[in-house]
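Enquirer: The structure that follows is given in the form of structure tokens.
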Amino acid sequence: MKENTQLVGAGRHPERFGGLVNTPICRASTILAGSMAEWEAMKRARAAEEPGATTYGRFGTATAHAFEEAMAQLEGGRGSLVFPSGLAAIVTALTALLSAGDHILVSYSAYSPTRSFLDRVLRRFGVQVQVYDPACGGDIRSLMQPNTRVVYVESPGSETLEIQDIPAIARMAHAQGAFVVMDNTWATPLFFKPLAHGVDVSIHAATKYIVGHSDAMLGVVTCNEATWARVKQTTQDMGQTAGPDDIFLALRGLRTMGLRLQRHWESGLRVAQWLEQQPEVEAVVHPALPSHPGHALWKRDYSGACGLFSVVLRTRDAQAVAAFVDALQHFGIGVSWGGYESLAIPFTPGEHHGARWPYQGSAVRMHIGLEDPQDLIDDLRQALTVMAARASLSPSAQPEAARQNA
Ligand SMILES: *Cc1c(COP(=O)(O)O)cnc(C)c1O
């Protein structure tokens with residue numbers, strides 16, 4: 001079955017809900033049994049993972065189960081679990097797989113709250129945390145230790161968008177008995193298939209494109225056979241559950257995700273290509289552009305790109321960058337992304353990037369929404385003009401001269 005067909009049908013069972021097209025929002029804490037015999041049967045059904053079986057709201061109702069079934073199908077996994085945020089999904093999966101004395105390798109381009117959780121929380125529980133260069137590919141082998149239990153990958157990296165060689169990393173990790181856990185949020189379940197590329201646990205901040213409308217927080221973990229029982233048990237042990245209203249929004253978002261992502265991809269690439277031509281722009285960091293260092297890997301492993309990329313402006317004048325962002329009419333200023341609306345926010349690459357981030361200018365993360373791309377380009381053109389006027393007023397902002405002197 002093709003993906004757009006899966007997106008329409010996955011997790012839907014109208015016959016169970018009086019013919020309703022959509023699984024309803026089922027709110028519950030207590031779930032009643034008609035007799036003790038029925039209660040025992042409900043518990044057995046839940047233990048056997050029968051479709052829809054539950055004994056308590058915390059273990060999910062039909063709404064949660066519909067979303068988990070849909071995600072497991074899209075990601076090709078043994079099972080999926082829903083969480084109240086993307087970060088909750090990440091921390092629960094990592095807690096499930098790591099114990100005191102274990103070693104985890106985490107890419108320095110990974111979402112920074114993920115690295116903070118490892119540093120601030122799992123370190124306290126005796127986990128050894130080591131960051132690595134996302135460009136390492138199969139050389140990850142030289143960093144593996146006998147106690148390495150997890151290699152954590154995120155491709156493209158948050159903000160800096162490094163593409164990782166996931167199959168090469170997975171081969172090395174598995175050769176040493178480690179699991180590969182991936183944050184697959186950027187690609188969505190459509191453009192990269194982690195489990196088919198050797199990943200054991202695939203995670204999405206469903207908050208982004210799955211919900212797709214900037215109106216709910218949600219996370220989802222999909223496991224292969226080797227990791228399913230452990231991650232599921234830990235999810236229950238840690239009391240993780242998500243509200244059915246938010247899950248309903250994620251289910252609704254899934255139905256149109258293919259259509260939305262097609263537009264995010266096309267418009268994002270068109271805007272990125274336009275930006276790359278502008279004299280005020282030093283570089284556009286977008287995996288689908290041939291200028292991206294990871295372009296060949298992206299072409300090999302990915303079937304598309306979302307609307308999120310970064311642009312490096314030549315100016316180093318923070319005031320000029322602020323004037324650029326402030327001048328934009330169609331781009332909101334804020335974190336998160338994946339909704340229908342365009343966003344722009346300046347960022348500073350992490351402390352580990354060093355020579356891997358070869359640009360001199362100011363970085364801005366762009367999210368290209370579902371507006372007409374020509375309006376976005378016109379908007380960017382006038383904002384670049386505002387920025388250039390502002391930058392030329394500032395004597396500290398002469399990057400060309402500064403570089404020649406350096
Ligand atoms: C936003 C994001 C997360 C966290 O998701 P929340 O739902 O905000 O907790 C994790 N990983 C990536 C790559 C993200 O962009």
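Identifiers in the structure tokens: chain A, B, ... in order shown; residue index from 1 per chain; ligand index from 1 in order shown.
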Between chain A and ligand 1, at 10 Å or less, what are the per-residue closest atom pairs and their distances in Å? Count only C-alpha atoms and all ligand atoms, order by chain and rising residue number, and return it as a Markdown table.
Expert:
```
| residue | atom | partner | partner_atom_place_in_ligand_line | distance |
| --- | --- | --- | --- | --- |
| A:Phe83 | CA | ligand 1 | 7 (O) | 8.9 |
| A:Pro84 | CA | ligand 1 | 7 (O) | 7.5 |
| A:Ser85 | CA | ligand 1 | 7 (O) | 3.9 |
| A:Gly86 | CA | ligand 1 | 5 (O) | 3.4 |
| A:Leu87 | CA | ligand 1 | 9 (O) | 3.8 |
| A:Ala88 | CA | ligand 1 | 9 (O) | 6.3 |
| A:Ala89 | CA | ligand 1 | 9 (O) | 7.8 |
| A:Ile90 | CA | ligand 1 | 10 (C) | 7.4 |
| A:Val91 | CA | ligand 1 | 9 (O) | 9.9 |
| A:Ser109 | CA | ligand 1 | 13 (C) | 9.7 |
| A:Ala110 | CA | ligand 1 | 13 (C) | 7.2 |
| A:Tyr111 | CA | ligand 1 | 13 (C) | 5.4 |
| A:Ser112 | CA | ligand 1 | 11 (N) | 8.5 |
| A:Pro113 | CA | ligand 1 | 4 (C) | 7.7 |
| A:Thr114 | CA | ligand 1 | 10 (C) | 7.3 |
| A:Glu154 | CA | ligand 1 | 13 (C) | 7.2 |
| A:Ser155 | CA | ligand 1 | 13 (C) | 8.5 |
| A:Pro156 | CA | ligand 1 | 13 (C) | 8.5 |
| A:Gly157 | CA | ligand 1 | 13 (C) | 7.3 |
| A:Ser158 | CA | ligand 1 | 13 (C) | 5.6 |
| A:Glu159 | CA | ligand 1 | 15 (O) | 8.7 |
| A:Met182 | CA | ligand 1 | 11 (N) | 9.6 |
| A:Asp183 | CA | ligand 1 | 11 (N) | 6.0 |
| A:Asn184 | CA | ligand 1 | 13 (C) | 7.1 |
| A:Thr185 | CA | ligand 1 | 13 (C) | 5.1 |
| A:Trp186 | CA | ligand 1 | 13 (C) | 6.2 |
| A:Ala187 | CA | ligand 1 | 13 (C) | 9.6 |
| A:Ile203 | CA | ligand 1 | 11 (N) | 8.1 |
| A:His204 | CA | ligand 1 | 11 (N) | 6.8 |
| A:Ala205 | CA | ligand 1 | 5 (O) | 4.2 |
| A:Ala206 | CA | ligand 1 | 7 (O) | 6.4 |
| A:Thr207 | CA | ligand 1 | 7 (O) | 4.7 |
| A:Lys208 | CA | ligand 1 | 1 (C) | 6.6 |
| A:Tyr209 | CA | ligand 1 | 15 (O) | 9.9 |
| A:Ala216 | CA | ligand 1 | 7 (O) | 8.5 |
| A:Met217 | CA | ligand 1 | 7 (O) | 5.1 |
| A:Leu218 | CA | ligand 1 | 7 (O) | 5.3 |
| A:Gly219 | CA | ligand 1 | 7 (O) | 5.7 |
| A:Val220 | CA | ligand 1 | 7 (O) | 9.3 |
| A:Leu308 | CA | ligand 1 | 15 (O) | 9.8 |
| A:Val335 | CA | ligand 1 | 1 (C) | 8.2 |
| A:Ser336 | CA | ligand 1 | 1 (C) | 5.4 |
| A:Trp337 | CA | ligand 1 | 15 (O) | 7.3 |
| A:Gly338 | CA | ligand 1 | 15 (O) | 8.8 |
```
Enquirer: For stretch 30-35 of chain A, find every residue with an atom within 10 Å (counting only C-alpha atoms), except residues of its own chain fewer than 5 positions away, and show them as a compact mmCIF listing (two decimals) with N, CA, C and O atoms, in the first residue's frame.
Expert:
```
# COMPACT_ATOMS: atom_id res chain seq x y z
N GLU A 40 -11.36 -10.10 34.76
CA GLU A 40 -10.20 -10.97 34.53
C GLU A 40 -9.92 -11.09 33.03
O GLU A 40 -8.77 -11.07 32.60
N ALA A 41 -10.96 -11.16 32.25
CA ALA A 41 -10.80 -11.27 30.78
C ALA A 41 -10.20 -9.99 30.21
O ALA A 41 -9.35 -10.02 29.31
N MET A 42 -10.63 -8.85 30.77
CA MET A 42 -10.07 -7.56 30.31
C MET A 42 -8.57 -7.51 30.61
O MET A 42 -7.77 -7.03 29.80
N THR A 54 -8.02 -2.51 27.30
CA THR A 54 -7.46 -1.64 28.33
C THR A 54 -8.19 -1.91 29.63
O THR A 54 -9.29 -2.48 29.65
N THR A 55 -7.56 -1.51 30.74
CA THR A 55 -8.21 -1.67 32.04
C THR A 55 -8.22 -0.37 32.83
O THR A 55 -8.78 -0.31 33.92
N TYR A 56 -7.58 0.66 32.28
CA TYR A 56 -7.47 1.93 33.01
C TYR A 56 -7.06 3.01 32.01
O TYR A 56 -6.30 2.74 31.08
N GLY A 57 -7.53 4.22 32.25
CA GLY A 57 -7.24 5.32 31.32
C GLY A 57 -5.76 5.53 31.09
O GLY A 57 -5.34 5.91 29.99
N ARG A 58 -4.94 5.27 32.10
CA ARG A 58 -3.51 5.51 31.94
C ARG A 58 -2.90 4.60 30.86
O ARG A 58 -1.88 4.94 30.27
N THR A 61 -6.95 4.72 25.84
CA THR A 61 -8.28 4.30 25.39
C THR A 61 -8.22 4.11 23.87
O THR A 61 -7.14 4.19 23.27
```
Enquirer: Can you list, as a PyMOL selection string, every residue of stretch 24-138 of chain A that DSSP puts in alpha helix (DSSP H)?
Expert: chain A and resi 36-47+62-75+86-97+112-120
Enquirer: Considering only C-alpha atoms, return as a list in words whatever protein or nucleic-acid residues lie within 10 Å of A:Arg356, sequence-local ones (same chain, fewer than 6 positions apart) excluded.
Expert: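 That gives Asp133, Pro134, Ala135, Thr160, Glu162 and Pro293 of chain A.
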Enquirer: Put those residues in a file: N, CA and C atoms, as a PDB file, in the first residue's frame.
Expert:
```pdb
ATOM      1  N   ASP A 133      30.708  13.375  16.872  1.00  0.00           N
ATOM      2  CA  ASP A 133      30.532  14.160  15.655  1.00  0.00           C
ATOM      3  C   ASP A 133      29.521  13.445  14.749  1.00  0.00           C
ATOM      4  N   PRO A 134      28.418  14.117  14.388  1.00  0.00           N
ATOM      5  CA  PRO A 134      27.398  13.447  13.575  1.00  0.00           C
ATOM      6  C   PRO A 134      27.909  12.975  12.220  1.00  0.00           C
ATOM      7  N   ALA A 135      29.040  13.550  11.746  1.00  0.00           N
ATOM      8  CA  ALA A 135      29.576  13.167  10.439  1.00  0.00           C
ATOM      9  C   ALA A 135      30.429  11.900  10.508  1.00  0.00           C
ATOM     10  N   THR A 160      21.402  22.751  12.926  1.00  0.00           N
ATOM     11  CA  THR A 160      22.573  22.712  12.050  1.00  0.00           C
ATOM     12  C   THR A 160      22.433  21.670  10.931  1.00  0.00           C
ATOM     13  N   GLU A 162      22.966  18.467  10.095  1.00  0.00           N
ATOM     14  CA  GLU A 162      23.895  17.451   9.591  1.00  0.00           C
ATOM     15  C   GLU A 162      23.115  16.173   9.266  1.00  0.00           C
ATOM     16  N   PRO A 293      26.605  19.576   2.748  1.00  0.00           N
ATOM     17  CA  PRO A 293      27.626  18.520   2.865  1.00  0.00           C
ATOM     18  C   PRO A 293      27.031  17.112   2.963  1.00  0.00           C
TER      19      PRO A 293
END
```
Enquirer: Counting only C-alpha atoms, give me one row per residue of stretch 47-142 of chain A with an atom at most 10 Å from an atom of stretch 252-262 of chain A, showing the shortest contact pair and its distance in Å to one decimal, sorted by chain then residue number, as JSON lines.
Expert:
```
{"residue": "A:Phe67", "atom": "CA", "partner": "A:Leu254", "partner_atom": "CA", "distance": 9.0}
{"residue": "A:Ala70", "atom": "CA", "partner": "A:Leu254", "partner_atom": "CA", "distance": 8.8}
{"residue": "A:Met71", "atom": "CA", "partner": "A:Leu254", "partner_atom": "CA", "distance": 9.2}
```
Enquirer: Show me, as an MDAnalysis selection string, the residues that have an atom within 8 Å of A:Pro167 when counting only C-alpha atoms, minus same-chain residues fewer than 2 positions from it.
Expert: chainID A and resid 165 169:171 197:198
Enquirer: Take the residues just selected and output them with N, CA, C and O atoms as a PDB file, in the first residue's frame.
Expert:
```pdb
ATOM      1  N   ASP A 165      25.005   9.091   8.497  1.00  0.00           N
ATOM      2  CA  ASP A 165      24.964   7.829   7.752  1.00  0.00           C
ATOM      3  C   ASP A 165      24.389   6.759   8.681  1.00  0.00           C
ATOM      4  O   ASP A 165      25.119   6.010   9.330  1.00  0.00           O
ATOM      5  N   ILE A 169      26.204   3.602  10.833  1.00  0.00           N
ATOM      6  CA  ILE A 169      26.233   3.693  12.301  1.00  0.00           C
ATOM      7  C   ILE A 169      25.522   2.488  12.911  1.00  0.00           C
ATOM      8  O   ILE A 169      26.005   1.886  13.878  1.00  0.00           O
ATOM      9  N   ALA A 170      24.388   2.117  12.331  1.00  0.00           N
ATOM     10  CA  ALA A 170      23.626   0.986  12.881  1.00  0.00           C
ATOM     11  C   ALA A 170      24.416  -0.327  12.768  1.00  0.00           C
ATOM     12  O   ALA A 170      24.402  -1.149  13.691  1.00  0.00           O
ATOM     13  N   ARG A 171      25.126  -0.498  11.658  1.00  0.00           N
ATOM     14  CA  ARG A 171      25.936  -1.734  11.510  1.00  0.00           C
ATOM     15  C   ARG A 171      26.970  -1.827  12.623  1.00  0.00           C
ATOM     16  O   ARG A 171      27.141  -2.872  13.238  1.00  0.00           O
ATOM     17  N   HIS A 197      16.283   1.162   8.056  1.00  0.00           N
ATOM     18  CA  HIS A 197      17.695   1.523   7.929  1.00  0.00           C
ATOM     19  C   HIS A 197      18.508   1.078   9.142  1.00  0.00           C
ATOM     20  O   HIS A 197      19.610   1.580   9.360  1.00  0.00           O
ATOM     21  N   GLY A 198      17.962   0.182   9.945  1.00  0.00           N
ATOM     22  CA  GLY A 198      18.747  -0.410  11.036  1.00  0.00           C
ATOM     23  C   GLY A 198      18.517   0.190  12.409  1.00  0.00           C
ATOM     24  O   GLY A 198      19.136  -0.236  13.383  1.00  0.00           O
TER      25      GLY A 198
END
```
Enquirer: What is the atom CA of A:Val285 to atom CA of A:Leu118 distance in Å?
Expert: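 Atom-to-atom, atom CA of A:Val285 to atom CA of A:Leu118, that is 27.3 Å.
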Enquirer: Using only C-alpha atoms, which residue out of A:Gly137, A:Pro287, A:Gly268, A:Gly334 lies closest to A:Leu376?
Expert: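 Checking each of A:Gly137, A:Pro287, A:Gly268, A:Gly334 against A:Leu376, counting only C-alpha atoms, the winner is A:Gly268.
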Enquirer: Work out how far apart atom CA of A:Val106 and atom CA of A:Gln130 are and give it in Å to one decimal.
Expert: 6.2 Å
Enquirer: Out of stretch 63-212 of chain A, which residues get strand (DSSP E or B) from DSSP, as a ChimeraX atom specification?
Expert: /A:79-83,103-107,128-132,148-154,179-183,201-205
Enquirer: Put those residues in a file: N, CA, C and O atoms, as a compact mmCIF listing (two decimals), in the first residue's frame.
Expert:
```txt
# COMPACT_ATOMS: atom_id res chain seq x y z
N GLY A 79 5.50 -2.01 17.57
CA GLY A 79 4.46 -1.28 18.28
C GLY A 79 4.89 0.15 18.51
O GLY A 79 6.09 0.46 18.44
N SER A 80 3.90 1.01 18.77
CA SER A 80 4.17 2.43 19.06
C SER A 80 3.52 2.80 20.38
O SER A 80 2.54 2.19 20.80
N LEU A 81 4.08 3.84 21.02
CA LEU A 81 3.56 4.33 22.30
C LEU A 81 3.47 5.85 22.23
O LEU A 81 4.38 6.50 21.71
N VAL A 82 2.39 6.39 22.77
CA VAL A 82 2.17 7.84 22.69
C VAL A 82 2.54 8.50 24.02
O VAL A 82 2.35 7.90 25.08
N PHE A 83 3.07 9.72 23.95
CA PHE A 83 3.57 10.45 25.12
C PHE A 83 3.06 11.89 25.08
O PHE A 83 2.73 12.40 24.01
N HIS A 103 27.04 3.06 28.79
CA HIS A 103 27.62 4.19 28.06
C HIS A 103 26.70 4.50 26.89
O HIS A 103 26.22 3.59 26.21
N ILE A 104 26.42 5.79 26.68
CA ILE A 104 25.63 6.20 25.51
C ILE A 104 26.43 7.19 24.68
O ILE A 104 27.09 8.08 25.23
N LEU A 105 26.38 7.02 23.38
CA LEU A 105 26.97 7.97 22.44
C LEU A 105 25.83 8.81 21.87
O LEU A 105 24.85 8.26 21.34
N VAL A 106 25.95 10.11 21.99
CA VAL A 106 24.89 11.00 21.49
C VAL A 106 25.52 12.05 20.57
O VAL A 106 26.52 12.67 20.92
N SER A 107 24.94 12.22 19.41
CA SER A 107 25.45 13.20 18.45
C SER A 107 25.36 14.61 19.03
O SER A 107 24.36 14.97 19.65
N GLN A 128 27.15 6.78 31.59
CA GLN A 128 28.24 7.57 30.99
C GLN A 128 27.76 8.14 29.66
O GLN A 128 27.31 7.39 28.80
N VAL A 129 27.88 9.45 29.53
CA VAL A 129 27.37 10.14 28.35
C VAL A 129 28.54 10.71 27.56
O VAL A 129 29.37 11.43 28.11
N GLN A 130 28.60 10.38 26.27
CA GLN A 130 29.68 10.91 25.43
C GLN A 130 29.09 11.47 24.14
O GLN A 130 28.31 10.78 23.47
N VAL A 131 29.47 12.71 23.79
CA VAL A 131 28.98 13.26 22.53
C VAL A 131 29.93 12.88 21.40
O VAL A 131 31.11 12.63 21.63
N TYR A 132 29.37 12.80 20.19
CA TYR A 132 30.20 12.46 19.02
C TYR A 132 29.82 13.34 17.84
O TYR A 132 28.74 13.94 17.81
N THR A 148 28.87 0.21 25.80
CA THR A 148 28.00 1.10 25.01
C THR A 148 26.68 0.38 24.73
O THR A 148 26.66 -0.66 24.07
N ARG A 149 25.60 0.95 25.25
CA ARG A 149 24.29 0.30 25.10
C ARG A 149 23.42 0.99 24.06
O ARG A 149 22.54 0.38 23.46
N VAL A 150 23.64 2.30 23.89
CA VAL A 150 22.80 3.06 22.96
C VAL A 150 23.67 4.00 22.14
O VAL A 150 24.54 4.68 22.68
N VAL A 151 23.42 4.01 20.84
CA VAL A 151 23.94 5.08 19.98
C VAL A 151 22.73 5.90 19.56
O VAL A 151 21.78 5.38 18.96
N TYR A 152 22.75 7.18 19.96
CA TYR A 152 21.60 8.06 19.71
C TYR A 152 21.89 8.91 18.48
O TYR A 152 22.91 9.59 18.42
N VAL A 153 20.99 8.87 17.52
CA VAL A 153 21.17 9.62 16.28
C VAL A 153 19.98 10.55 16.06
O VAL A 153 18.86 10.28 16.50
N GLU A 154 20.26 11.65 15.40
CA GLU A 154 19.20 12.57 14.99
C GLU A 154 19.65 13.14 13.65
O GLU A 154 20.68 13.78 13.56
N PHE A 179 21.99 -0.65 20.97
CA PHE A 179 20.77 -0.25 20.28
C PHE A 179 20.97 1.11 19.62
O PHE A 179 21.73 1.94 20.13
N VAL A 180 20.25 1.32 18.52
CA VAL A 180 20.26 2.64 17.87
C VAL A 180 18.90 3.29 18.09
O VAL A 180 17.87 2.71 17.74
N VAL A 181 18.91 4.46 18.69
CA VAL A 181 17.69 5.21 18.95
C VAL A 181 17.76 6.48 18.11
O VAL A 181 18.78 7.18 18.11
N MET A 182 16.68 6.78 17.39
CA MET A 182 16.71 7.91 16.47
C MET A 182 15.57 8.89 16.71
O MET A 182 14.42 8.50 16.86
N ASP A 183 15.89 10.16 16.71
CA ASP A 183 14.90 11.23 16.64
C ASP A 183 14.66 11.50 15.15
O ASP A 183 15.53 12.03 14.45
N VAL A 201 14.76 2.02 17.67
CA VAL A 201 13.68 2.81 18.24
C VAL A 201 13.61 4.15 17.50
O VAL A 201 14.59 4.89 17.46
N SER A 202 12.46 4.45 16.91
CA SER A 202 12.27 5.70 16.18
C SER A 202 11.32 6.61 16.96
O SER A 202 10.28 6.15 17.43
N ILE A 203 11.71 7.86 17.10
CA ILE A 203 10.94 8.79 17.92
C ILE A 203 10.54 10.02 17.11
O ILE A 203 11.33 10.52 16.30
N HIS A 204 9.30 10.47 17.34
CA HIS A 204 8.85 11.73 16.72
C HIS A 204 8.31 12.67 17.77
O HIS A 204 7.56 12.25 18.66
N ALA A 205 8.67 13.95 17.66
CA ALA A 205 7.90 14.99 18.32
C ALA A 205 6.67 15.18 17.43
O ALA A 205 6.72 15.89 16.43
```
Enquirer: What is the atom CA of A:Phe331-atom CA of A:Gly354 distance in Å, reported with one decimal?
Expert: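 Those two atoms sit 29.5 Å apart.
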Enquirer: Choose the residue, out of A:Met144, A:Thr63, A:Glu276, A:Ile333, that has the smallest atom-to-atom separation from A:Ala175; count only C-alpha atoms.
Expert: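 Of A:Met144, A:Thr63, A:Glu276, A:Ile333, the one nearest A:Ala175, counting only C-alpha atoms, is A:Met144.
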